[in-house]
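Quick look at structure.pdb (PDB, C-alpha atoms):
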MODEL        1
ATOM      1  CA  MET A   1     -72.119 162.566 -40.028
ATOM      2  CA  VAL A   2     -75.124 163.638 -42.089
ATOM      3  CA  VAL A   3     -78.415 163.061 -40.262
ATOM      4  CA  ASP A   4     -81.485 164.126 -42.216
ATOM      5  CA  GLU A   5     -84.399 164.205 -39.788
ATOM      6  CA  SER A   6     -86.851 164.642 -42.654
ATOM      7  CA  THR A   7     -86.347 160.932 -43.390
ATOM      8  CA  VAL A   8     -87.774 159.870 -40.002
ATOM      9  CA  GLY A   9     -91.234 158.356 -40.239
ATOM     10  CA  ASP A  10     -93.355 157.237 -43.163
ATOM     11  CA  THR A  11     -91.364 154.026 -43.624
ATOM     12  CA  PRO A  12     -92.150 151.414 -46.298
ATOM     13  CA  LEU A  13     -94.593 148.566 -45.744
ATOM     14  CA  VAL A  14     -93.731 145.199 -47.285
ATOM     15  CA  ALA A  15     -95.467 141.811 -47.548
ATOM     16  CA  LEU A  16     -93.542 139.000 -45.849
ATOM     17  CA  ASN A  17     -93.555 135.289 -46.674
ATOM     18  CA  VAL A  18     -93.810 133.696 -43.230
ATOM     19  CA  ASP A  19     -95.449 130.364 -44.110
ATOM     20  CA  CYS A  20     -98.528 130.723 -41.927
ATOM     21  CA  ALA A  21    -102.169 131.645 -42.410
ATOM     22  CA  PRO A  22    -102.484 135.458 -42.123
ATOM     23  CA  THR A  23    -101.129 138.085 -44.492
ATOM     24  CA  VAL A  24     -98.114 139.534 -42.657
ATOM     25  CA  LEU A  25     -96.827 143.027 -43.430
ATOM     26  CA  GLY A  26     -93.618 144.533 -42.080
ATOM     27  CA  LYS A  27     -92.751 148.197 -41.443
ATOM     28  CA  VAL A  28     -89.121 148.609 -42.596
ATOM     29  CA  GLU A  29     -87.808 150.753 -39.754
ATOM     30  CA  TRP A  30     -84.133 150.819 -40.751
ATOM     31  CA  LEU A  31     -85.060 153.213 -43.594
ATOM     32  CA  HIS A  32     -84.842 156.220 -41.292
ATOM     33  CA  PHE A  33     -81.578 157.983 -42.256
ATOM     34  CA  PRO A  34     -81.016 155.682 -45.287
ATOM     35  CA  GLY A  35     -77.400 154.947 -46.093
ATOM     36  CA  ILE A  36     -76.040 156.133 -42.748
ATOM     37  CA  GLY A  37     -74.060 152.900 -42.188
ATOM     38  CA  HIS A  38     -73.470 150.722 -39.113
ATOM     39  CA  GLY A  39     -76.517 148.603 -39.917
ATOM     40  CA  GLY A  40     -78.721 151.499 -40.925
ATOM     41  CA  SER A  41     -81.150 153.053 -38.478
ATOM     42  CA  SER A  42     -83.925 151.558 -36.360
ATOM     43  CA  LEU A  43     -87.409 152.018 -34.990
ATOM     44  CA  LYS A  44     -85.914 154.150 -32.210
ATOM     45  CA  ALA A  45     -85.201 157.056 -34.569
ATOM     46  CA  ARG A  46     -88.869 157.948 -34.142
ATOM     47  CA  ILE A  47     -88.685 158.353 -30.376
ATOM     48  CA  ALA A  48     -85.263 160.035 -30.443
ATOM     49  CA  VAL A  49     -86.649 162.874 -32.559
ATOM     50  CA  ALA A  50     -89.874 163.046 -30.521
ATOM     51  CA  MET A  51     -88.128 163.135 -27.133
ATOM     52  CA  LEU A  52     -85.598 165.768 -28.226
ATOM     53  CA  ASP A  53     -88.357 167.877 -29.793
ATOM     54  CA  ALA A  54     -90.335 167.768 -26.540
ATOM     55  CA  ALA A  55     -87.258 168.665 -24.465
ATOM     56  CA  GLU A  56     -86.439 171.624 -26.703
ATOM     57  CA  THR A  57     -90.034 172.854 -26.572
ATOM     58  CA  THR A  58     -89.987 172.832 -22.766
ATOM     59  CA  GLY A  59     -86.529 174.419 -22.553
ATOM     60  CA  HIS A  60     -84.737 171.487 -20.922
ATOM     61  CA  LEU A  61     -81.835 171.112 -23.333
ATOM     62  CA  PRO A  62     -79.783 174.339 -23.581
ATOM     63  CA  GLY A  63     -76.373 173.701 -22.009
ATOM     64  CA  ALA A  64     -77.159 170.088 -21.117
ATOM     65  CA  THR A  65     -75.684 166.806 -22.305
ATOM     66  CA  VAL A  66     -78.218 164.244 -23.523
ATOM     67  CA  LEU A  67     -78.097 161.144 -21.298
ATOM     68  CA  GLU A  68     -79.728 157.758 -21.822
ATOM     69  CA  ALA A  69     -79.474 154.122 -20.730
ATOM     70  CA  SER A  70     -80.132 151.757 -23.616
ATOM     71  CA  SER A  71     -79.379 148.311 -24.992
ATOM     72  CA  GLY A  72     -78.243 150.095 -28.158
ATOM     73  CA  ASN A  73     -80.850 151.297 -30.645
ATOM     74  CA  THR A  74     -82.193 154.235 -28.626
ATOM     75  CA  ALA A  75     -78.645 155.188 -27.662
ATOM     76  CA  ARG A  76     -77.436 155.354 -31.250
ATOM     77  CA  ALA A  77     -80.556 157.180 -32.440
ATOM     78  CA  LEU A  78     -80.248 159.800 -29.700
ATOM     79  CA  ALA A  79     -76.506 160.185 -30.253
ATOM     80  CA  ARG A  80     -77.007 160.733 -33.977
ATOM     81  CA  VAL A  81     -79.878 163.218 -33.693
ATOM     82  CA  ALA A  82     -78.460 165.040 -30.657
ATOM     83  CA  GLY A  83     -75.077 165.377 -32.342
ATOM     84  CA  ALA A  84     -76.656 166.753 -35.512
ATOM     85  CA  ARG A  85     -78.479 169.352 -33.381
ATOM     86  CA  GLY A  86     -75.269 170.376 -31.631
ATOM     87  CA  TYR A  87     -75.676 168.558 -28.303
ATOM     88  CA  ASP A  88     -73.234 166.217 -26.609
ATOM     89  CA  ALA A  89     -74.539 162.741 -25.786
ATOM     90  CA  THR A  90     -73.606 160.288 -23.039
ATOM     91  CA  VAL A  91     -74.978 156.750 -23.158
ATOM     92  CA  VAL A  92     -74.969 153.851 -20.713
ATOM     93  CA  VAL A  93     -74.937 150.502 -22.524
ATOM     94  CA  PRO A  94     -74.243 146.825 -21.736
ATOM     95  CA  ASP A  95     -70.688 145.705 -22.433
ATOM     96  CA  ASN A  96     -71.932 143.144 -24.980
ATOM     97  CA  ILE A  97     -73.585 145.773 -27.172
ATOM     98  CA  ALA A  98     -73.769 144.711 -30.828
ATOM     99  CA  ALA A  99     -70.877 145.860 -32.998
ATOM    100  CA  GLY A 100     -73.089 147.831 -35.379
ATOM    101  CA  LYS A 101     -74.576 149.795 -32.508
ATOM    102  CA  ARG A 102     -71.171 150.447 -30.935
ATOM    103  CA  GLY A 103     -69.807 151.655 -34.264
ATOM    104  CA  ALA A 104     -72.730 154.061 -34.655
ATOM    105  CA  LEU A 105     -72.182 155.487 -31.167
ATOM    106  CA  GLU A 106     -68.485 156.003 -31.820
ATOM    107  CA  ALA A 107     -69.153 157.621 -35.191
ATOM    108  CA  ALA A 108     -71.658 159.987 -33.566
ATOM    109  CA  GLY A 109     -69.064 161.036 -30.974
ATOM    110  CA  ALA A 110     -71.044 159.824 -27.956
ATOM    111  CA  THR A 111     -69.404 159.278 -24.583
ATOM    112  CA  ILE A 112     -69.963 155.600 -23.752
ATOM    113  CA  HIS A 113     -70.283 154.102 -20.264
ATOM    114  CA  GLU A 114     -70.394 150.309 -20.194
ATOM    115  CA  VAL A 115     -72.056 148.134 -17.562
ATOM    116  CA  PRO A 116     -71.554 144.334 -17.361
ATOM    117  CA  ALA A 117     -74.386 142.736 -19.305
ATOM    118  CA  GLU A 118     -74.808 140.007 -16.690
ATOM    119  CA  ALA A 119     -75.747 142.678 -14.132
ATOM    120  CA  GLY A 120     -79.051 143.153 -15.966
ATOM    121  CA  TYR A 121     -80.925 146.166 -17.187
ATOM    122  CA  ASP A 122     -81.520 147.606 -13.730
ATOM    123  CA  ALA A 123     -77.752 148.133 -13.503
ATOM    124  CA  LEU A 124     -77.855 150.324 -16.623
ATOM    125  CA  LEU A 125     -80.586 152.437 -15.085
ATOM    126  CA  ALA A 126     -78.678 152.709 -11.790
ATOM    127  CA  ARG A 127     -75.540 153.923 -13.580
ATOM    128  CA  ALA A 128     -77.576 156.498 -15.484
ATOM    129  CA  ASP A 129     -79.055 157.628 -12.151
ATOM    130  CA  GLU A 130     -75.517 158.123 -10.785
ATOM    131  CA  LEU A 131     -74.469 160.203 -13.771
ATOM    132  CA  ALA A 132     -77.647 162.295 -13.733
ATOM    133  CA  ALA A 133     -77.159 163.071 -10.041
ATOM    134  CA  ALA A 134     -73.881 164.829 -10.871
ATOM    135  CA  GLY A 135     -75.794 167.448 -12.854
ATOM    136  CA  GLY A 136     -75.325 168.867 -16.332
ATOM    137  CA  TYR A 137     -77.456 166.241 -18.067
ATOM    138  CA  TRP A 138     -80.884 166.057 -19.649
ATOM    139  CA  ARG A 139     -82.047 162.467 -19.339
ATOM    140  CA  ALA A 140     -84.226 161.229 -22.168
ATOM    141  CA  ASP A 141     -85.651 158.459 -19.950
ATOM    142  CA  GLN A 142     -87.320 156.453 -22.712
ATOM    143  CA  TYR A 143     -89.012 154.185 -20.144
ATOM    144  CA  ARG A 144     -90.974 157.053 -18.583
ATOM    145  CA  ASN A 145     -91.030 159.723 -21.286
ATOM    146  CA  PRO A 146     -94.581 160.122 -22.688
ATOM    147  CA  ALA A 147     -93.108 161.355 -25.979
ATOM    148  CA  ASN A 148     -92.096 157.728 -26.625
ATOM    149  CA  PRO A 149     -95.559 156.165 -27.072
ATOM    150  CA  ARG A 150     -96.857 159.434 -28.572
ATOM    151  CA  ALA A 151     -94.285 159.105 -31.360
ATOM    152  CA  HIS A 152     -95.786 155.738 -32.260
ATOM    153  CA  GLU A 153     -99.251 157.161 -32.621
ATOM    154  CA  ARG A 154     -97.871 158.419 -35.920
ATOM    155  CA  THR A 155     -96.642 154.899 -36.700
ATOM    156  CA  GLY A 156    -100.192 153.675 -36.102
ATOM    157  CA  ARG A 157    -101.636 156.303 -38.433
ATOM    158  CA  GLU A 158     -99.183 155.246 -41.155
ATOM    159  CA  ILE A 159    -100.211 151.600 -40.766
ATOM    160  CA  TRP A 160    -103.906 152.469 -40.970
ATOM    161  CA  ARG A 161    -103.360 154.599 -44.082
ATOM    162  CA  ASP A 162    -101.058 152.188 -45.898
ATOM    163  CA  THR A 163    -103.311 149.183 -45.324
ATOM    164  CA  GLY A 164    -106.384 151.133 -46.367
ATOM    165  CA  GLY A 165    -107.850 150.396 -42.934
ATOM    166  CA  GLN A 166    -107.686 146.645 -43.628
ATOM    167  CA  VAL A 167    -105.273 145.849 -40.783
ATOM    168  CA  THR A 168    -106.792 143.372 -38.322
ATOM    169  CA  GLY A 169    -103.805 142.733 -36.054
ATOM    170  CA  PHE A 170    -100.651 144.371 -34.715
ATOM    171  CA  VAL A 171     -97.857 142.431 -32.995
ATOM    172  CA  ALA A 172     -94.811 144.014 -31.345
ATOM    173  CA  GLY A 173     -92.297 143.225 -28.629
ATOM    174  CA  ALA A 174     -91.963 145.059 -25.325
ATOM    175  CA  GLY A 175     -88.739 146.858 -24.555
ATOM    176  CA  THR A 176     -90.021 150.204 -23.378
ATOM    177  CA  GLY A 177     -93.451 149.078 -24.602
ATOM    178  CA  GLY A 178     -93.834 152.414 -26.371
ATOM    179  CA  THR A 179     -94.378 150.884 -29.809
ATOM    180  CA  VAL A 180     -97.166 148.466 -28.931
ATOM    181  CA  THR A 181     -98.774 151.066 -26.646
ATOM    182  CA  GLY A 182     -98.743 153.967 -29.114
ATOM    183  CA  VAL A 183     -99.580 151.959 -32.226
ATOM    184  CA  GLY A 184    -102.100 149.789 -30.417
ATOM    185  CA  ARG A 185    -104.194 152.582 -28.976
ATOM    186  CA  THR A 186    -104.134 154.498 -32.280
ATOM    187  CA  LEU A 187    -105.355 151.513 -34.287
ATOM    188  CA  ARG A 188    -107.972 150.602 -31.699
ATOM    189  CA  GLN A 189    -109.364 154.154 -31.852
ATOM    190  CA  ARG A 190    -110.038 153.543 -35.531
ATOM    191  CA  ASP A 191    -111.283 149.971 -35.199
ATOM    192  CA  PRO A 192    -111.865 148.477 -31.737
ATOM    193  CA  THR A 193    -111.832 144.943 -33.183
ATOM    194  CA  ILE A 194    -108.153 145.109 -34.178
ATOM    195  CA  GLU A 195    -106.174 142.489 -32.228
ATOM    196  CA  VAL A 196    -103.195 144.066 -30.414
ATOM    197  CA  VAL A 197    -100.609 141.575 -29.153
ATOM    198  CA  GLY A 198     -97.479 142.311 -27.167
ATOM    199  CA  PHE A 199     -94.710 139.793 -26.610
ATOM    200  CA  GLU A 200     -91.843 139.558 -24.157
ATOM    201  CA  PRO A 201     -88.783 137.302 -23.864
ATOM    202  CA  ALA A 202     -89.533 133.895 -22.386
ATOM    203  CA  ASP A 203     -86.563 133.898 -20.004
ATOM    204  CA  ALA A 204     -84.225 136.278 -18.233
ATOM    205  CA  THR A 205     -81.116 135.107 -20.121
ATOM    206  CA  HIS A 206     -82.601 135.821 -23.557
ATOM    207  CA  SER A 207     -80.647 137.297 -26.488
ATOM    208  CA  ILE A 208     -83.498 139.170 -28.178
ATOM    209  CA  CYS A 209     -81.862 142.581 -28.174
ATOM    210  CA  GLY A 210     -84.079 145.503 -27.251
ATOM    211  CA  LEU A 211     -86.689 143.453 -25.392
ATOM    212  CA  LYS A 212     -87.008 143.320 -21.616
ATOM    213  CA  TYR A 213     -87.725 140.330 -19.402
ATOM    214  CA  LEU A 214     -90.499 141.624 -17.156
ATOM    215  CA  ARG A 215     -91.954 138.487 -15.574
ATOM    216  CA  GLY A 216     -89.367 138.464 -12.800
ATOM    217  CA  GLY A 217     -90.634 141.690 -11.250
ATOM    218  CA  GLY A 218     -88.447 144.743 -10.788
ATOM    219  CA  PHE A 219     -88.607 147.728 -13.095
ATOM    220  CA  HIS A 220     -91.692 148.021 -15.316
ATOM    221  CA  PRO A 221     -91.693 150.845 -17.900
ATOM    222  CA  ASP A 222     -94.337 153.535 -17.465
ATOM    223  CA  THR A 223     -94.474 153.660 -21.266
ATOM    224  CA  TYR A 224     -95.775 150.069 -21.436
ATOM    225  CA  VAL A 225     -99.537 150.275 -20.913
ATOM    226  CA  GLU A 226    -100.628 146.652 -20.923
ATOM    227  CA  SER A 227    -104.324 147.505 -20.865
ATOM    228  CA  VAL A 228    -103.912 148.349 -24.570
ATOM    229  CA  LEU A 229    -103.152 144.672 -25.275
ATOM    230  CA  ASP A 230    -105.685 142.011 -26.152
ATOM    231  CA  ARG A 231    -103.105 139.279 -25.565
ATOM    232  CA  LYS A 232     -99.539 138.779 -24.439
ATOM    233  CA  ARG A 233     -97.163 135.998 -25.436
ATOM    234  CA  TYR A 234     -93.606 134.943 -24.583
ATOM    235  CA  VAL A 235     -90.966 134.091 -27.196
ATOM    236  CA  ASP A 236     -87.665 132.295 -26.600
ATOM    237  CA  THR A 237     -84.417 133.273 -28.278
ATOM    238  CA  GLU A 238     -84.011 130.224 -30.509
ATOM    239  CA  ARG A 239     -87.507 130.539 -31.992
ATOM    240  CA  ALA A 240     -86.763 134.210 -32.710
ATOM    241  CA  ARG A 241     -83.512 133.315 -34.455
ATOM    242  CA  THR A 242     -85.126 130.505 -36.429
ATOM    243  CA  ALA A 243     -87.925 132.771 -37.656
ATOM    244  CA  ALA A 244     -85.415 135.457 -38.721
ATOM    245  CA  ARG A 245     -83.413 132.854 -40.683
ATOM    246  CA  ASP A 246     -86.620 131.483 -42.231
ATOM    247  CA  LEU A 247     -87.485 135.008 -43.372
ATOM    248  CA  ALA A 248     -84.080 135.322 -45.044
ATOM    249  CA  ALA A 249     -84.520 131.951 -46.770
ATOM    250  CA  ALA A 250     -88.046 132.809 -47.921
ATOM    251  CA  HIS A 251     -86.762 135.984 -49.570
ATOM    252  CA  ALA A 252     -83.440 134.645 -50.804
ATOM    253  CA  GLN A 253     -84.376 135.187 -54.445
ATOM    254  CA  THR A 254     -87.268 137.639 -54.300
ATOM    255  CA  ASN A 255     -87.694 140.876 -52.374
ATOM    256  CA  PRO A 256     -90.748 141.245 -50.157
ATOM    257  CA  ALA A 257     -93.512 142.879 -52.188
ATOM    258  CA  LEU A 258     -93.849 146.629 -51.641
ATOM    259  CA  ILE A 259     -97.278 147.510 -50.273
ATOM    260  CA  ALA A 260     -96.448 151.188 -49.674
ATOM    261  CA  THR A 261     -93.218 153.085 -50.285
ATOM    262  CA  GLY A 262     -93.803 155.754 -47.655
ATOM    263  CA  ARG A 263     -91.525 158.727 -48.201
ATOM    264  CA  HIS A 264     -88.948 156.728 -50.164
ATOM    265  CA  ASP A 265     -88.685 155.925 -53.844
ATOM    266  CA  PRO A 266     -88.563 152.231 -54.829
ATOM    267  CA  GLU A 267     -84.882 152.395 -55.813
ATOM    268  CA  THR A 268     -83.829 153.702 -52.370
ATOM    269  CA  ILE A 269     -85.838 150.936 -50.727
ATOM    270  CA  ARG A 270     -84.261 148.244 -52.902
ATOM    271  CA  ARG A 271     -80.779 149.624 -52.216
ATOM    272  CA  HIS A 272     -81.159 149.391 -48.434
ATOM    273  CA  LEU A 273     -83.471 146.407 -48.071
ATOM    274  CA  ARG A 274     -80.761 143.747 -48.287
ATOM    275  CA  VAL A 275     -77.349 143.107 -46.748
ATOM    276  CA  ASP A 276     -74.827 141.668 -49.218
ATOM    277  CA  GLY A 277     -77.741 140.203 -51.152
ATOM    278  CA  ASP A 278     -79.582 138.763 -48.119
ATOM    279  CA  PHE A 279     -82.808 139.970 -46.503
ATOM    280  CA  LEU A 280     -81.668 140.053 -42.877
ATOM    281  CA  VAL A 281     -83.585 141.369 -39.882
ATOM    282  CA  GLY A 282     -82.692 141.753 -36.222
ATOM    283  CA  PRO A 283     -83.723 139.267 -33.517
ATOM    284  CA  SER A 284     -86.765 141.225 -32.331
ATOM    285  CA  SER A 285     -88.218 141.095 -35.854
ATOM    286  CA  GLY A 286     -87.673 137.341 -35.884
ATOM    287  CA  ALA A 287     -89.417 137.140 -32.520
ATOM    288  CA  ALA A 288     -92.431 138.991 -33.961
ATOM    289  CA  ILE A 289     -92.712 136.413 -36.753
ATOM    290  CA  ALA A 290     -92.362 133.554 -34.240
ATOM    291  CA  CYS A 291     -95.159 135.133 -32.187
ATOM    292  CA  ILE A 292     -97.442 135.382 -35.231
ATOM    293  CA  ARG A 293     -96.805 131.733 -36.057
ATOM    294  CA  ARG A 294     -97.854 130.754 -32.562
ATOM    295  CA  LEU A 295    -100.973 132.916 -32.720
ATOM    296  CA  ALA A 296    -101.896 131.392 -36.076
ATOM    297  CA  SER A 297    -101.480 127.891 -34.641
ATOM    298  CA  GLU A 298    -103.821 128.897 -31.805
ATOM    299  CA  GLY A 299    -106.417 130.146 -34.274
ATOM    300  CA  VAL A 300    -106.107 133.792 -33.185
ATOM    301  CA  PHE A 301    -105.151 134.798 -36.758
ATOM    302  CA  ASP A 302    -106.326 133.080 -39.937
ATOM    303  CA  ARG A 303    -106.296 133.632 -43.700
ATOM    304  CA  GLU A 304    -108.743 136.511 -43.413
ATOM    305  CA  ASP A 305    -106.351 138.534 -41.250
ATOM    306  CA  THR A 306    -103.794 141.196 -42.146
ATOM    307  CA  VAL A 307    -101.219 141.513 -39.381
ATOM    308  CA  VAL A 308     -98.542 144.217 -39.201
ATOM    309  CA  VAL A 309     -95.205 143.970 -37.377
ATOM    310  CA  PRO A 310     -92.367 146.474 -37.000
ATOM    311  CA  LEU A 311     -89.111 145.321 -38.567
ATOM    312  CA  CYS A 312     -87.160 147.184 -35.913
ATOM    313  CA  ASP A 313     -83.652 147.007 -37.337
ATOM    314  CA  ARG A 314     -81.530 145.311 -39.984
ATOM    315  CA  GLY A 315     -79.514 142.156 -39.455
ATOM    316  CA  ASP A 316     -76.082 143.658 -40.101
ATOM    317  CA  THR A 317     -76.375 145.518 -36.798
ATOM    318  CA  TYR A 318     -75.608 142.079 -35.283
ATOM    319  CA  PRO A 319     -72.539 140.692 -37.100
ATOM    320  CA  GLU A 320     -71.380 138.715 -34.083
ATOM    321  CA  GLY A 321     -73.080 135.915 -32.193
ATOM    322  CA  ASP A 322     -75.373 133.089 -33.223
ATOM    323  CA  LEU A 323     -77.985 134.883 -35.312
ATOM    324  CA  TRP A 324     -76.251 135.102 -38.713
ATOM    325  CA  GLY A 325     -72.953 133.293 -38.180
ATOM    326  CA  ASP A 326     -70.584 133.596 -41.141
ATOM    327  CA  ARG A 327     -73.231 135.310 -43.290
ATOM    328  CA  LEU A 328     -71.901 138.652 -42.015
TER     329      LEU A 328
ENDMDL
END
Produce structure tokens that represent the structure in this file.
Amino acid sequence: MVVDESTVGDTPLVALNVDCAPTVLGKVEWLHFPGIGHGGSSLKARIAVAMLDAAETTGHLPGATVLEASSGNTARALARVAGARGYDATVVVPDNIAAGKRGALEAAGATIHEVPAEAGYDALLARADELAAAGGYWRADQYRNPANPRAHERTGREIWRDTGGQVTGFVAGAGTGGTVTGVGRTLRQRDPTIEVVGFEPADATHSICGLKYLRGGGFHPDTYVESVLDRKRYVDTERARTAARDLAAAHAQTNPALIATGRHDPETIRRHLRVDGDFLVGPSSGAAIACIRRLASEGVFDREDTVVVPLCDRGDTYPEGDLWGDRL
């Protein structure tokens, strides 16, 4: 598998038709490692590189196997980058992991440990604890690793640059919370009036992959610094799915307008923007759009605002289930 780390970061920014008041721009995060297959890449490529870089700098990796618990995107990013650098990778994932993510892990040669999804995320962390206790592992620990939010300080700088400093809002979901924390504090350093909004799943039995239900207590990521937020909202699964499908319908005939190409040429972006002719995003991206719609209805954002969201991964990572049905 060819993994070109020089393609991580500096992703394109596109204008989305979301049928609500503010201008909404999306960071196309599946353009890391373009053309790699299995649904492309994801936002988590940024933190995989950052966490491995930090571990190598501090001498933690020689002779160790990379270990991580993940709902899928961090696992596949770490497996790909670790494998390309010559390390073995072991991942702990739920047994209902999306097919695109599973395929990526298998292609990267990762050792996969599955935990029943109904046991919840704490069970993934407990299994990773058991493995780590046996020795021989370096645990990435995305929920506590400060390299995670630090990686997204770069994401924030890209957003500021590519909007010409005209961004007035940033909205992102909380899995590890690293994205909204790192981007939020970077943007607020440049303009304290920028509205930073984090969202979480509305219920424990959600199907918004990558996000964590935190209202019930239990584990709270150290990487999620809620003091960075101006507001927090909760999004249910069906609204997330509806917004993702609306985005596909809105761009059925016309690609989202390119605001900035980042490191990629327009032809590469066009080639990887769609899936079999459709503009399909993952459920967390749909949830971000649903959150913006709610904020617009509340009057938090209006026509004068420019709001940026991460488009965390592409829809063909999720060929099964109720999101895209027979479209994939």
Would you compute, for all listed atoms of stretch 234-239 of chain A, the axis-aligned bounding box grown by 6 Å on each side, and then report its centre and edge lengths in Å rounded to one decimal, as lines of an AutoDock Vina configuration file?
center_x = -88.8
center_y = 132.6
center_z = -28.3
size_x = 21.6
size_y = 16.7
size_z = 19.4
* Explicit residues for the PyMOL selection byres ((chain A and resi 290) around 8) (as a PyMOL selection string) -> chain A and resi 235+239-240+243+286-289+291-294
Using all atoms listed in the file, find each residue in stretch 128-194 of chain A having at least one atom no more than 10 Å away from stretch 40-57 of chain A; report its shortest atom-to-atom pair and that distance in Å (one decimal), rows by chain then rising number, as a Markdown table.
| residue | atom | partner | partner_atom | distance |
| --- | --- | --- | --- | --- |
| A:Trp138 | CA | A:Ala55 | CA | 8.4 |
| A:Arg139 | CA | A:Ala55 | CA | 9.6 |
| A:Ala140 | CA | A:Met51 | CA | 6.6 |
| A:Asp141 | CA | A:Met51 | CA | 8.9 |
| A:Gln142 | CA | A:Ile47 | CA | 8.0 |
| A:Asn145 | CA | A:Met51 | CA | 7.4 |
| A:Pro146 | CA | A:Met51 | CA | 8.4 |
| A:Ala147 | CA | A:Met51 | CA | 5.4 |
| A:Asn148 | CA | A:Ile47 | CA | 5.1 |
| A:Pro149 | CA | A:Ile47 | CA | 7.9 |
| A:Arg150 | CA | A:Ala50 | CA | 8.1 |
| A:Ala151 | CA | A:Ile47 | CA | 5.7 |
| A:His152 | CA | A:Arg46 | CA | 7.5 |
| A:Arg154 | CA | A:Arg46 | CA | 9.2 |
| A:Thr155 | CA | A:Arg46 | CA | 8.7 |
| A:Gly178 | CA | A:Ile47 | CA | 8.8 |
| A:Thr179 | CA | A:Leu43 | CA | 8.8 |
* Asked: Just how far from atom CA of A:Asp316 is atom CA of A:Trp160, in Å to one decimal?
  ->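 According to the coordinates, atom CA of A:Trp160 and atom CA of A:Asp316 are separated by 29.2 Å.
Distance check against A:Thr163 using only C-alpha atoms: of A:Leu323, A:Leu31, A:Ala260, A:Val180, the minimum falls on A:Ala260.
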* List every protein, DNA or RNA residue with an atom no more than 9 Å from (-90.2, 144.1, -24.4) in the file's coordinates, counting all atoms listed in the file, and format the result as number ranges by chain. => A: 172-177, 198-201, 210-214, 224
Kindly export the residues of the current selection with C-alpha atoms, as an mmCIF file, in the frame of the given file.
data_model
loop_
_atom_site.group_PDB
_atom_site.id
_atom_site.type_symbol
_atom_site.label_atom_id
_atom_site.label_comp_id
_atom_site.auth_asym_id
_atom_site.auth_seq_id
_atom_site.Cartn_x
_atom_site.Cartn_y
_atom_site.Cartn_z
ATOM 1 C CA ALA A 172 -94.811 144.014 -31.345
ATOM 2 C CA GLY A 173 -92.297 143.225 -28.629
ATOM 3 C CA ALA A 174 -91.963 145.059 -25.325
ATOM 4 C CA GLY A 175 -88.739 146.858 -24.555
ATOM 5 C CA THR A 176 -90.021 150.204 -23.378
ATOM 6 C CA GLY A 177 -93.451 149.078 -24.602
ATOM 7 C CA GLY A 198 -97.479 142.311 -27.167
ATOM 8 C CA PHE A 199 -94.710 139.793 -26.610
ATOM 9 C CA GLU A 200 -91.843 139.558 -24.157
ATOM 10 C CA PRO A 201 -88.783 137.302 -23.864
ATOM 11 C CA GLY A 210 -84.079 145.503 -27.251
ATOM 12 C CA LEU A 211 -86.689 143.453 -25.392
ATOM 13 C CA LYS A 212 -87.008 143.320 -21.616
ATOM 14 C CA TYR A 213 -87.725 140.330 -19.402
ATOM 15 C CA LEU A 214 -90.499 141.624 -17.156
ATOM 16 C CA TYR A 224 -95.775 150.069 -21.436
#
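The closest residue to A:Val115, picked from A:Ala204, A:Thr237, A:Val92, A:Ala132 and counting only C-alpha atoms, is A:Val92.
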* If the PyMOL selection byres ((chain A and resi 107) around 10) is run on the structure shown, which residues does it catch, given as a list in words? ->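 What the PyMOL selection byres ((chain A and resi 107) around 10) grabs from the file is Met1, Gly37, His38, Arg76, Ala79, Arg80, Lys101, Arg102, Gly103, Ala104, Leu105, Glu106, Ala108, Gly109 and Ala110 of chain A.
When the PyMOL selection byres ((chain A and resi 87) around 9) is evaluated on the file shown here, the picked residues come out as Leu61, Pro62, Gly63, Ala64, Thr65, Val66, Ala79, Val81, Ala82, Gly83, Ala84, Arg85, Gly86, Asp88 and Ala89 of chain A.
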* Asked: Counting only C-alpha atoms, which of A:Pro283, A:Pro192, A:Pro221, A:Gly100 gets nearest to A:Tyr143?
  -> A:Pro221
